[in-house]
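Q: Contents of protein.txt (compact mmCIF, C-alpha atoms) are below:
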# COMPACT_ATOMS: atom_id res chain seq x y z
CA MET A 578 0.00 0.00 0.00
CA SER A 579 1.39 3.38 -0.89
CA ALA A 580 0.22 6.79 0.26
CA PRO A 581 1.59 10.29 -0.30
CA ILE A 582 3.47 11.94 2.56
CA ARG A 583 4.29 15.59 2.73
CA ILE A 584 7.55 16.58 4.40
CA THR A 585 9.63 19.73 4.69
CA LEU A 586 13.06 19.03 3.23
CA ASN A 587 15.76 21.64 3.92
CA GLY A 588 13.03 24.21 4.37
CA ALA A 589 11.03 23.39 1.22
CA PRO A 590 7.79 21.37 1.00
CA LYS A 591 8.16 18.02 -0.81
CA GLU A 592 5.86 15.11 -1.50
CA PHE A 593 6.93 11.47 -1.61
CA THR A 594 5.25 8.08 -1.72
CA ALA A 595 5.15 6.11 1.52
CA PRO A 596 6.49 3.83 2.84
CA LEU A 597 9.83 5.59 2.48
CA THR A 598 12.99 4.88 4.47
CA PHE A 599 15.78 7.42 4.81
CA ALA A 600 17.94 5.23 2.58
CA GLN A 601 15.24 5.37 -0.11
CA LEU A 602 14.85 9.13 0.33
CA LEU A 603 18.58 9.70 -0.20
CA GLU A 604 18.50 7.35 -3.19
CA GLU A 605 15.67 9.39 -4.74
CA LEU A 606 17.59 12.60 -4.13
CA ALA A 607 20.75 11.12 -5.74
CA LEU A 608 22.54 11.67 -2.43
CA ALA A 609 23.10 8.03 -1.45
CA GLY A 610 26.65 7.25 -0.38
CA ARG A 611 27.61 10.88 0.12
CA ARG A 612 29.13 12.17 3.34
CA LEU A 613 26.16 13.91 4.95
CA ALA A 614 24.10 14.02 8.12
CA VAL A 615 20.34 13.91 8.55
CA GLU A 616 18.08 15.44 11.18
CA ARG A 617 14.37 14.69 11.65
CA ASN A 618 12.31 17.17 13.68
CA GLY A 619 15.45 18.42 15.40
CA GLU A 620 16.86 14.97 16.23
CA ILE A 621 19.80 13.24 14.53
CA VAL A 622 18.95 10.22 12.41
CA PRO A 623 22.05 7.99 12.72
CA ARG A 624 23.41 6.64 9.44
CA SER A 625 23.07 3.13 10.85
CA ARG A 626 19.29 3.57 10.91
CA PHE A 627 18.81 4.91 7.37
CA GLY A 628 17.74 1.48 6.12
CA GLU A 629 15.00 0.84 8.66
CA SER A 630 13.83 4.27 9.82
CA ARG A 631 10.78 5.51 7.88
CA LEU A 632 9.65 9.04 7.18
CA ALA A 633 6.27 10.19 8.45
CA ASP A 634 3.84 12.79 7.16
CA GLY A 635 4.76 16.25 8.42
CA ASP A 636 8.43 15.45 9.15
CA ARG A 637 10.86 18.32 9.02
CA ILE A 638 14.03 16.91 7.51
CA GLU A 639 17.45 18.55 7.26
CA VAL A 640 20.22 17.08 5.12
CA VAL A 641 23.57 18.78 5.65
CA VAL A 642 27.12 18.52 4.32
CA ALA A 643 30.48 20.11 5.09
CA VAL A 644 31.28 23.23 3.05
CA GLY A 645 34.12 25.73 3.04
CA GLY A 646 34.14 27.99 6.09
CA GLY A 647 36.38 29.69 8.61
CA MET B 615 59.31 23.79 26.66
CA GLU B 616 56.58 22.01 24.69
CA SER B 617 57.27 22.45 21.01
CA LYS B 618 54.03 20.99 19.71
CA LEU B 619 50.53 22.32 19.99
CA VAL B 620 48.49 19.98 22.19
CA VAL B 621 44.70 20.27 21.95
CA ALA B 622 42.46 17.81 23.80
CA GLY B 623 45.41 15.48 24.35
CA LYS B 624 46.46 15.34 20.71
CA ALA B 625 49.73 16.88 19.50
CA TYR B 626 50.02 18.88 16.29
CA GLU B 627 53.24 19.96 14.57
CA SER B 628 51.60 23.04 13.05
CA ARG B 629 50.33 25.92 15.15
CA LEU B 630 48.52 27.42 12.19
CA LEU B 631 44.86 26.47 11.79
CA VAL B 632 43.11 27.52 8.61
CA GLY B 633 39.59 27.96 7.33
CA THR B 634 38.38 26.62 4.00
CA GLY B 635 35.99 29.40 2.96
CA LYS B 636 36.23 32.07 0.25
CA TYR B 637 38.55 30.16 -2.10
CA ARG B 638 37.96 30.07 -5.87
CA ASP B 639 37.59 26.29 -5.93
CA PHE B 640 38.58 23.16 -4.03
CA ASP B 641 41.84 22.90 -5.97
CA GLU B 642 42.96 26.31 -4.72
CA THR B 643 41.71 25.42 -1.24
CA ARG B 644 43.82 22.28 -1.17
CA ARG B 645 46.95 23.95 -2.59
CA ALA B 646 46.73 26.81 -0.08
CA ILE B 647 46.21 24.46 2.83
CA ASP B 648 49.15 22.31 1.75
CA ALA B 649 51.33 25.44 1.56
CA SER B 650 50.17 26.53 5.03
CA GLY B 651 51.21 23.23 6.58
CA ALA B 652 48.02 23.34 8.66
CA GLN B 653 46.81 20.05 10.12
CA ILE B 654 43.56 21.37 11.58
CA VAL B 655 41.14 22.88 9.07
CA THR B 656 37.74 24.37 9.78
CA VAL B 657 34.60 23.63 7.77
CA ALA B 658 31.03 24.90 7.95
CA ILE B 659 27.89 22.76 8.05
CA ARG B 660 25.17 23.70 5.56
CA ARG B 661 22.05 22.31 3.91
CA THR B 662 22.91 20.31 0.82
CA ASN B 663 21.39 21.36 -2.49
CA ILE B 664 18.34 19.23 -3.17
CA GLY B 665 17.77 18.18 -6.76
CA GLN B 666 20.67 20.12 -8.23
CA ASN B 667 24.39 19.59 -8.66
CA ALA B 668 24.01 15.96 -7.66
CA GLY B 669 27.49 15.24 -8.95
CA GLU B 670 29.17 18.32 -7.48
CA PRO B 671 32.50 17.73 -5.74
CA ASN B 672 32.60 17.42 -1.97
CA LEU B 673 34.96 19.52 0.16
CA LEU B 674 35.88 16.47 2.21
CA ASP B 675 37.09 14.71 -0.95
CA ALA B 676 39.59 17.55 -1.40
CA LEU B 677 40.44 17.53 2.32
CA PRO B 678 40.12 13.92 3.45
CA PRO B 679 39.50 13.50 7.19
CA SER B 680 42.10 10.74 7.11
CA ARG B 681 44.76 13.38 6.46
CA PHE B 682 43.43 16.51 8.16
CA THR B 683 41.77 17.11 11.49
CA ILE B 684 38.44 18.54 10.37
CA LEU B 685 37.14 21.18 12.75
CA PRO B 686 33.44 21.83 12.11
CA ASN B 687 32.30 25.31 13.09
CA THR B 688 29.02 26.94 13.99
CA ALA B 689 29.47 30.02 11.81
CA GLY B 690 26.14 31.69 11.15
CA CYS B 691 24.62 30.56 14.47
CA TYR B 692 23.19 33.28 16.70
CA THR B 693 21.84 31.12 19.53
CA ALA B 694 23.28 28.38 21.72
CA GLN B 695 20.51 26.07 20.54
CA ASP B 696 21.40 26.46 16.84
CA ALA B 697 25.10 26.00 17.59
CA VAL B 698 24.50 22.78 19.55
CA ARG B 699 22.19 21.45 16.84
CA THR B 700 24.77 22.21 14.13
CA LEU B 701 27.55 20.42 16.00
CA ARG B 702 25.42 17.35 16.68
CA LEU B 703 24.93 17.12 12.91
CA ALA B 704 28.66 17.68 12.41
CA ARG B 705 29.52 14.85 14.77
CA GLU B 706 27.23 12.50 12.86
CA LEU B 707 28.69 13.72 9.55
CA LEU B 708 32.25 13.11 10.76
CA ASP B 709 31.70 9.64 12.25
CA GLY B 710 31.63 10.66 15.90
CA HIS B 711 34.50 13.16 15.74
CA SER B 712 34.19 15.37 18.82
CA LEU B 713 36.64 18.27 18.33
CA VAL B 714 34.62 21.32 17.30
CA LYS B 715 34.85 25.08 16.93
CA LEU B 716 32.06 26.85 18.75
CA GLU B 717 31.17 30.34 17.64
CA VAL B 718 27.90 32.02 18.50
CA LEU B 719 27.57 35.39 16.86
CA GLY B 720 25.94 38.51 18.21
CA ASP B 721 24.96 40.30 15.02
CA ALA B 722 25.52 40.06 11.29
CA GLU B 723 27.25 43.45 11.03
CA SER B 724 30.09 42.89 13.47
CA LEU B 725 30.05 39.07 13.71
CA TYR B 726 31.14 39.79 17.27
CA PRO B 727 30.73 36.78 19.59
CA ASN B 728 27.64 36.61 21.80
CA MET B 729 29.32 35.47 24.99
CA PRO B 730 26.26 34.55 27.11
CA GLU B 731 25.06 32.24 24.30
CA THR B 732 28.61 30.94 23.73
CA LEU B 733 28.92 30.01 27.42
CA ALA B 734 25.51 28.30 27.41
CA ALA B 735 26.38 26.30 24.29
CA ALA B 736 29.79 25.35 25.67
CA LYS B 737 28.19 23.97 28.81
CA THR B 738 25.79 21.75 26.85
CA LEU B 739 28.43 20.60 24.38
CA VAL B 740 30.97 19.68 27.06
CA ALA B 741 28.26 17.69 28.87
CA GLU B 742 27.58 15.82 25.61
CA GLY B 743 31.23 14.87 25.23
CA PHE B 744 32.32 17.44 22.66
CA GLU B 745 35.85 18.85 22.79
CA VAL B 746 35.11 22.53 22.40
CA MET B 747 37.44 25.15 20.97
CA ALA B 748 35.57 28.36 21.64
CA TYR B 749 35.73 31.55 19.59
CA CYS B 750 35.37 34.39 22.09
CA SER B 751 35.81 38.05 22.81
CA ASP B 752 39.23 39.14 24.08
CA ASP B 753 37.78 39.45 27.58
CA PRO B 754 39.97 37.58 30.10
CA ILE B 755 37.01 36.84 32.38
CA MET B 756 35.02 35.26 29.54
CA ALA B 757 38.05 33.20 28.48
CA LYS B 758 38.52 32.00 32.03
CA GLN B 759 34.86 31.01 32.30
CA LEU B 760 35.08 29.01 29.06
CA GLU B 761 38.09 27.20 30.49
CA GLU B 762 36.22 26.48 33.72
CA LEU B 763 33.31 25.05 31.73
CA GLY B 764 35.71 22.54 30.21
CA CYS B 765 36.59 24.01 26.80
CA VAL B 766 39.79 22.50 25.40
CA ALA B 767 40.94 25.81 23.88
CA VAL B 768 39.87 29.44 23.91
CA MET B 769 40.11 31.48 20.72
CA PRO B 770 39.84 35.22 21.30
CA LEU B 771 39.53 37.51 18.30
CA ALA B 772 42.39 39.77 17.23
CA SER B 773 39.82 41.98 15.47
CA LEU B 774 36.52 41.43 13.66
CA ILE B 775 36.10 38.31 11.49
CA GLY B 776 37.23 38.99 7.94
CA SER B 777 38.40 42.53 8.76
CA GLY B 778 42.14 41.92 8.37
CA MET B 779 42.73 44.64 11.00
CA GLY B 780 45.31 42.66 12.93
CA ILE B 781 45.77 42.60 16.70
CA LEU B 782 43.93 45.57 18.15
CA ASN B 783 44.34 44.76 21.82
CA PRO B 784 47.55 42.86 22.56
CA TRP B 785 47.21 43.69 26.25
CA ASN B 786 43.96 41.78 26.64
CA LEU B 787 45.40 38.84 24.72
CA GLN B 788 48.41 38.90 27.03
CA ILE B 789 46.19 38.75 30.11
CA ILE B 790 44.29 35.78 28.64
CA ILE B 791 47.55 33.98 27.76
CA ASP B 792 48.86 34.57 31.28
CA ARG B 793 45.70 33.46 33.07
CA VAL B 794 44.26 30.60 31.02
CA LYS B 795 45.87 27.17 31.11
CA VAL B 796 44.24 25.60 28.04
CA PRO B 797 45.67 26.60 24.65
CA VAL B 798 44.93 30.17 23.55
CA LEU B 799 44.60 30.64 19.81
CA VAL B 800 44.00 33.96 18.15
CA ASP B 801 41.06 33.54 15.82
CA ALA B 802 39.82 36.22 13.44
CA GLY B 803 41.25 39.53 12.32
CA ILE B 804 44.68 38.45 11.07
CA GLY B 805 45.50 40.44 7.92
CA THR B 806 49.06 39.61 7.02
CA ALA B 807 52.09 37.64 8.15
CA SER B 808 53.33 40.15 10.73
CA ASP B 809 49.97 39.96 12.55
CA ALA B 810 50.39 36.20 12.92
CA ALA B 811 53.98 36.62 14.10
CA ILE B 812 52.93 39.18 16.71
CA ALA B 813 50.23 36.83 18.01
CA MET B 814 52.78 34.07 18.41
CA GLU B 815 55.37 36.42 19.98
CA LEU B 816 52.78 37.32 22.61
CA GLY B 817 52.77 33.65 23.56
CA CYS B 818 49.65 32.43 21.83
CA ASP B 819 49.59 28.68 21.29
CA GLY B 820 48.34 29.04 17.74
CA VAL B 821 46.56 31.18 15.19
CA LEU B 822 43.42 30.46 13.17
CA MET B 823 42.74 32.38 9.98
CA ASN B 824 40.81 32.14 6.74
CA THR B 825 40.32 35.40 4.86
CA ALA B 826 43.93 36.59 5.21
CA ILE B 827 44.98 33.63 3.05
CA ALA B 828 41.92 33.13 0.84
CA LYS B 829 41.61 36.80 -0.12
CA ALA B 830 45.32 37.49 -0.68
CA LYS B 831 46.17 38.13 -4.35
CA ASP B 832 48.13 34.88 -4.29
CA PRO B 833 46.52 32.68 -1.62
CA VAL B 834 49.01 29.82 -1.96
CA ARG B 835 51.95 32.14 -1.47
CA MET B 836 50.29 33.89 1.48
CA ALA B 837 49.57 30.50 3.04
CA HIS B 838 53.29 29.80 2.94
CA ALA B 839 54.04 33.25 4.38
CA MET B 840 51.67 32.53 7.26
CA LYS B 841 53.37 29.21 7.94
CA LEU B 842 56.74 30.98 8.20
CA ALA B 843 55.29 33.82 10.30
CA VAL B 844 53.72 31.46 12.83
CA GLU B 845 56.96 29.49 13.09
CA ALA B 846 59.07 32.66 13.38
CA GLY B 847 56.77 34.15 15.99
CA ARG B 848 56.82 30.95 18.03
CA GLU B 849 60.62 30.74 17.85
CA ALA B 850 60.95 34.38 18.90
CA PHE B 851 58.61 33.79 21.83
CA LEU B 852 60.61 30.76 22.97
CA ALA B 853 63.91 32.57 22.44
CA GLY B 854 62.72 35.41 24.68
CA ARG B 855 63.03 38.85 23.23
CA MET B 856 65.52 41.44 24.55
CA ALA B 857 64.25 44.06 26.94
CA LYS B 858 62.89 47.25 25.44
CA LYS B 859 65.09 50.19 26.45
CA PRO B 860 63.43 53.32 25.11
CA TYR B 861 65.99 55.83 26.42
CA GLU B 862 69.13 53.77 26.22
CA ALA B 863 71.07 53.21 23.00
CA SER B 864 73.71 50.49 23.01
CA PRO B 865 76.19 49.97 20.15
CA SER B 866 76.46 46.47 18.74
CA SER B 867 80.08 46.93 17.65
CA PRO B 868 83.10 47.26 19.96
CA GLU B 869 83.76 50.77 21.25
CA THR B 870 87.52 50.12 21.37
CA GLY B 871 90.03 49.77 18.56
CA LEU B 872 88.54 52.51 16.39
CA ILE B 873 91.07 53.73 13.79
CA GLN B 874 90.25 57.40 14.24
CA LYS B 875 91.25 57.22 17.89
CA SER B 876 94.96 57.54 17.21
CA ALA B 877 95.96 58.51 20.71
What would you get if you wrote out this structure as structure tokens?
A:
Amino acid sequence: MSAPIRITLNGAPKEFTAPLTFAQLLEELALAGRRLAVERNGEIVPRSRFGESRLADGDRIEVVVAVGGG
Amino acid sequence: MESKLVVAGKAYESRLLVGTGKYRDFDETRRAIDASGAQIVTVAIRRTNIGQNAGEPNLLDALPPSRFTILPNTAGCYTAQDAVRTLRLARELLDGHSLVKLEVLGDAESLYPNMPETLAAAKTLVAEGFEVMAYCSDDPIMAKQLEELGCVAVMPLASLIGSGMGILNPWNLQIIIDRVKVPVLVDAGIGTASDAAIAMELGCDGVLMNTAIAKAKDPVRMAHAMKLAVEAGREAFLAGRMAKKPYEASPSSPETGLIQKSA
């Protein structure tokens, strides 16, 4: 069974088809395998849980990377 | 006397720490950092672009954490809460790496540190097992409080971030160096090599800079100049400078045996 879920991804509204794990989300975004970190509703989602942890409707997701800075 | 910089129990040959912002590209970043000899390099944590530039190069490919100590910062954070959140993400990003640069800013015009928020963030981060190097004002009492909270280094500004104005208050820095036991690194405001040398001659344990290198006309060459300046300043500090004698000249050459004294 699949249903649409609406999340906020890096500040922008996005719609995906559930069920959706974090691993699947990153795959869809072409970000799989990259060095990044993910936060859901202000809490870290450990990389080790990407495969099992599922997104829920209304989640606020942040995906961050390291960039140049002083 | 200790010749290496020791931060959180780890020794570093280089006392120059460099930022990775404001370079033309990652190639220039890497060449400048190699020329600087820096082992600790700062990075910022930002949202990744969604749905664009999927194949864009990653900074940490140019600066592999296996070779450099990556020091994630909290640049752009104005509250303790945002700074803590950013560094939790950084720790996850860097596989549990706990050495971080805390900076909580007061306003976007001056980028001056907000010390009450910095102290609050430091307290939380230390409790969560982070090793905190804290950017701070050049206020000796604030530096001392950061040390008491458990920060592994304090990093007072020489002058405003990105200003290149050099060391505006060497006396405050001297008080901090004299009173704080953890490493004191001057962070922000260095403009050119002599500024870095002066910081090290004061007895600072290290210097952190970004813009002075990245915005030089030739960043790679300036990076090398900074390496030499930090080394020269450190050597001069360890050598112990001569006393200043404002009203007393003293010739360096012998006063006897002059040919015009024929008598």
Q: Would you give me, as a PDB file with C-alpha atoms, in the coordinates of the input, the residues of chain A that come within 8 Å of chain B, using all atoms listed in the file?
A:
ATOM      1  CA  ASN A 587      15.760  21.640   3.920  1.00  0.00           C
ATOM      2  CA  LEU A 606      17.590  12.600  -4.130  1.00  0.00           C
ATOM      3  CA  ALA A 607      20.750  11.120  -5.740  1.00  0.00           C
ATOM      4  CA  LEU A 608      22.540  11.670  -2.430  1.00  0.00           C
ATOM      5  CA  ARG A 612      29.130  12.170   3.340  1.00  0.00           C
ATOM      6  CA  LEU A 613      26.160  13.910   4.950  1.00  0.00           C
ATOM      7  CA  ALA A 614      24.100  14.020   8.120  1.00  0.00           C
ATOM      8  CA  VAL A 615      20.340  13.910   8.550  1.00  0.00           C
ATOM      9  CA  GLU A 616      18.080  15.440  11.180  1.00  0.00           C
ATOM     10  CA  GLY A 619      15.450  18.420  15.400  1.00  0.00           C
ATOM     11  CA  ILE A 621      19.800  13.240  14.530  1.00  0.00           C
ATOM     12  CA  PRO A 623      22.050   7.990  12.720  1.00  0.00           C
ATOM     13  CA  ARG A 624      23.410   6.640   9.440  1.00  0.00           C
ATOM     14  CA  GLU A 639      17.450  18.550   7.260  1.00  0.00           C
ATOM     15  CA  VAL A 640      20.220  17.080   5.120  1.00  0.00           C
ATOM     16  CA  VAL A 641      23.570  18.780   5.650  1.00  0.00           C
ATOM     17  CA  VAL A 642      27.120  18.520   4.320  1.00  0.00           C
ATOM     18  CA  ALA A 643      30.480  20.110   5.090  1.00  0.00           C
ATOM     19  CA  VAL A 644      31.280  23.230   3.050  1.00  0.00           C
ATOM     20  CA  GLY A 645      34.120  25.730   3.040  1.00  0.00           C
ATOM     21  CA  GLY A 646      34.140  27.990   6.090  1.00  0.00           C
ATOM     22  CA  GLY A 647      36.380  29.690   8.610  1.00  0.00           C
TER      23      GLY A 647
END
Q: Quick one: distance from atom CA of Ala694 of chain B to atom CA of Thr585 of chain A in Å, one decimal?
A: 23.5 Å
Q: B:Ile804, B:Val718, B:Ala863, B:Ile791: which is nearest Pro730 of chain B, counting all atoms listed in the file?
A: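 Closest candidate: B:Val718.
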Q: What is the distance between atom CA of Glu869 of chain B and atom CA of Ala850 of chain B, in Å to one decimal?
A: 28.2 Å
Q: Given 6 Å on each side, where is the centre and what are the edge lengths in Å to one decimal of the axis-aligned box enclosing the listed atoms of segment 606-609 of chain A, as AutoDock Vina command-line options?
A:
--center_x 20.3 --center_y 10.3 --center_z -3.6 --size_x 17.5 --size_y 16.6 --size_z 16.3
